[in-house]
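Chemist: Have a look at this one.
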Amino acid sequence: FDGSDPPLNITDEHFLDGLLTANFSYMSCRSRYEFAVYHHKHSSHKPSPYLIAKLRKQEALQKRCGPGTAAHKKAVRRLDSGEGVVDNEDGCRYLVYISYRGLGNRMLAIASAFLYAVLTERVLLVDGGKDADALFCEPFPGTTWLLPRPGGWFSNSPLRRLQGYEGGSKESLGNMLQSGVITVSTDGNVSWSTPRPPPYLYLHLSGAYGFHDKLFFCGAHQRLLGEVPWLFMWTDNYIVPGLFLTPAFSGELEAMFPEKEAVFYHLGRYLFHPTNRVWHAIKSYYHANLAGVGQRVGVQIRVFQKKQPPRSVLDQLLSCLRDEKLLPETTDAAGGNSTSSRAVLVTSLSSWYYDRIRDEYGGRIAGGVHQPSHEGRQRWRDAAHDMRALSEMYLLSMCDVLVTSGYSTFGYVAQGLAGLRPWVMPRAPMWAADWREGLDPGDPPCRRAVSVEPCFHAPSAYDCAAARDVDLDKVSPYISRCVDVKYGIKLV
Ligand code: GDP
């Protein structure tokens, strides 16, 4: 639909079976209405009525307490003046997600923060990520999820310091536990040593976080966090599997998500709607290059180690395509419209792989080999660059088969939105001195992911009740190890 009217005969499918509200105009955000048209083939997961009810409740909360309301003004004033009690009158509490890292990491972290906000009945506000409004439509009707830039130049508001918390904060959960602001009794009770809870608390949940910050995933600590009006969350991870392992949340999450492997599938489809400009680019590219073939094969190549020889990455990919019979060895069935015809979409920062894949397969595949962009390198605070990255994640999610690079959150977003289990090419860990380190020479070039869920790279293995580390592979029937990250876990 390229006209200004919404698609005719709007059905439940356009609103993703009740996941989306109809409280947005078509013109303001077309992708909300049109996403389903491009993704219908994979939509086998239905949101539960309970999840839908929780989303509607969260939308009401976001509107009642969000920026521009009297409740929000009051909460900011109390924060700035250091008052540490939740206002009883309106009961509004906030979770601010501090944006950092690449777009894939950011999307996984925002989805995680959103779920935590729903579970704890907090308003989610997104900070930083200066181009968030160029990339995504507002997800909640009648309000904004973007944290307003606080105060004047001389303001001393904690909200002005958010981006500076990179190295942690003395108001973090971990530091408060270590400095004795929060005390833990021998029977495991957690309490404040101060007369009142602090006005805000910082949650450090990224990569190399320490033991005390990981206690975030304990039930007792969660009860205490509930008393803090403002939480600032710094994470680049998909912490959702960790929330499932937190006793305070597991029952609620099981009720919301009867199908455990569809959590990001639903949350991603609920939260992320490319703006009209990005969506227009996605659709144009799709119709010009990928429409009208029987099958679209998406290949995502992400190389983390500079010294990794490109040839080895290419060999791994070609072996994967061959071993798993993902592309034809002989000429593709004739005719672009044949159901057995294929097109290949390549995404990568470099064009070198695209050239080689086209040399190898271009003549054999009726739908051709395509690469939308080759940015050369990752860029920061560059809206146009991020818009291209977002387009490519969505184009990948419109494919029927995916081959992705292990470790990459860019690929996780694509597979999650698509609802596809990709073939994952394992990678040596990013910190390995030699790119081969950690890879078994006998390993296959790629493995099928065990579910469509993203991998939580840095989970806590600490069992709070038992006070010891456990094997996360064995604690729950719906938590499993990831094929690409040794210590990572995912929902299955
Ligand atoms: P990750 O680092 O692979 O986990 O994924 P992120 O999305 O968090 O960070 C990588 C960033 O590099 C992306 O957000 C893009 O800015 C850029 N990038 C990486 N691969 C590609 C690609 O294939 N296409 C485009 N357009 N950008 C990419």
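Every chain in the structure tokens takes a letter, A first, then B, and so on in the order presented; its residues are numbered from 1, and the ligands are numbered from 1 following the presented order.
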Please extract the residues of segment 285-400 of chain A with a backbone DSSP assignment of strand (DSSP E or B) and present them as a list in words.

Modeler: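 Residues meeting the strand (DSSP E or B) criterion: Gln295, Arg296, Val297, Gly298, Val299, Gln300, Ile301, Arg342, Ala343, Val344, Leu345, Val346, Thr347, Ser348, Val369 and His370 of chain A.
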
Chemist: For the selection you just gave me, I'd like the residues written to a file as a tab-separated table (two decimals), in the first residue's frame, keeping C-alpha atoms.

Modeler:
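As written to disk, selection-v2.tsv reads:
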chain	number	residue	atom	x	y	z
A	295	GLN	CA	12.47	-18.14	-1.22
A	296	ARG	CA	14.69	-15.42	0.23
A	297	VAL	CA	17.92	-16.50	1.88
A	298	GLY	CA	19.37	-13.89	4.24
A	299	VAL	CA	23.08	-14.00	5.04
A	300	GLN	CA	24.44	-11.77	7.81
A	301	ILE	CA	28.20	-11.48	8.05
A	342	ARG	CA	15.63	-17.92	-4.77
A	343	ALA	CA	17.21	-14.60	-3.98
A	344	VAL	CA	20.06	-13.96	-1.58
A	345	LEU	CA	20.27	-10.91	0.69
A	346	VAL	CA	23.74	-10.25	2.06
A	347	THR	CA	24.31	-7.81	4.92
A	348	SER	CA	27.80	-6.88	6.01
A	369	VAL	CA	22.38	-11.72	-4.92
A	370	HIS	CA	21.81	-8.34	-3.22

Chemist: Segment 92-204 of chain A: which residues are alpha helix (DSSP H) by DSSP, as JSON, numbers by chain?

Modeler: {"A": [103, 104, 105, 106, 107, 108, 109, 110, 111, 112, 113, 114, 115, 116, 117, 118, 119, 120, 132, 133, 134, 135, 173, 174, 175, 176, 177, 178, 179]}

Chemist: Neighbouring residues of Phe410 of chain A were defined as those with any atom within 8 Å, considering only C-alpha atoms; residues of the same chain fewer than 5 positions away were excluded. Please report them as a PyMOL selection string.

Modeler: chain A and resi 103-105+393

Chemist: Any residue with an atom at most 9 Å from ligand 1 counts, using only C-alpha atoms and all ligand atoms. Which are they? Put them as number ranges by chain.

Modeler: A: 101-108, 236, 300-304, 346-350, 371-380, 382, 385-393, 405-413

Chemist: Between atom CA of Leu231 of chain A and atom CA of Leu173 of chain A, what is the distance, to one decimal in Å?

Modeler: 10.0 Å

Chemist: Could you pull the residues within 12 Å of Leu267 of chain A, counting only C-alpha atoms, minus those fewer than 2 positions along the same chain, as a PyMOL selection string?

Modeler: chain A and resi 16+19-20+46-47+51-52+54-55+107-116+118+139+238+240+256-257+261-265+269-273+413+416-417+419+453-454

Chemist: Any idea what's packed within 7 Å of Arg364 of chain A, counting only C-alpha atoms, ignoring anything in its chain fewer than 2 positions away? Could you give it as a ChimeraX atom specification?

Modeler: /A:330-332,361-362,366

Chemist: Using only C-alpha atoms, can you tell me which of A:Ser155, A:Arg448, A:Gly180, A:Cys482 comes closest to Ser193 of chain A?

Modeler: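 Smallest distance to Ser193 of chain A is found for A:Gly180.
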
Chemist: Fewer than 2 positions away in the same chain doesn't count, so skip those; otherwise give me all residues within 7 Å of Asn23 of chain A, counting only C-alpha atoms, as a list in words.

Modeler: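 Counting only the stated atoms, we get Thr21, Ser25 and Pro141 of chain A.
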
Chemist: Please produce a file of those selected residues containing N, CA and C atoms, as a PDB file, in the first residue's frame.

Modeler:
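Saved to again-v6.pdb:
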ATOM      1  N   THR A  21      -2.255  -1.723  19.603  1.00  0.00           N
ATOM      2  CA  THR A  21      -3.533  -1.025  19.738  1.00  0.00           C
ATOM      3  C   THR A  21      -3.837  -0.318  18.418  1.00  0.00           C
ATOM      4  N   SER A  25      -2.625   6.717  14.210  1.00  0.00           N
ATOM      5  CA  SER A  25      -3.123   6.895  12.847  1.00  0.00           C
ATOM      6  C   SER A  25      -2.176   6.195  11.873  1.00  0.00           C
ATOM      7  N   PRO A 141       0.600   4.884  22.929  1.00  0.00           N
ATOM      8  CA  PRO A 141      -0.263   5.975  22.456  1.00  0.00           C
ATOM      9  C   PRO A 141      -0.403   7.105  23.478  1.00  0.00           C
TER      10      PRO A 141
END

Chemist: If you measure from atom CA of Asp471 of chain A to atom CA of Tyr487 of chain A, what distance in Å do you get, rounded to one decimal?

Modeler: 9.9 Å

Chemist: Smallest atom-to-atom distance to Pro197 of chain A: which of A:Leu225, A:Val452, A:Pro459, A:Gly174, using only C-alpha atoms?

Modeler: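 For Pro197 of chain A, the nearest of the candidates is A:Leu225.
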
Chemist: At what distance in Å, to one decimal, does atom CA of His221 of chain A lie from atom CA of Asn189 of chain A?

Modeler: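 Spanning atom CA of Asn189 of chain A to atom CA of His221 of chain A is a straight-line distance of 8.7 Å.
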
Chemist: I'd like the contact shell of segment 213-218 of chain A - 12 Å cut-off, only C-alpha atoms, skipping same-chain residues fewer than 6 positions apart - returned as a PyMOL selection string.

Modeler: chain A and resi 116+168-178+182+184+188-190+201-207+224-226+231+233-235+239-250+458-469

Chemist: For each of A:Ser185, A:Ser340, A:Gln163, A:Asn237, take the minimum atom-to-atom distance to Ser99 of chain A, counting only C-alpha atoms, then give the residue where this is smallest.

Modeler: A:Gln163

Chemist: In terms of the shortest atom-to-atom distance over only C-alpha atoms, which of A:Leu61, A:Leu327, A:Ala117, A:Ala288 is closest to Asp90 of chain A?

Modeler: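 Smallest separation from Asp90 of chain A among the options: A:Leu61.
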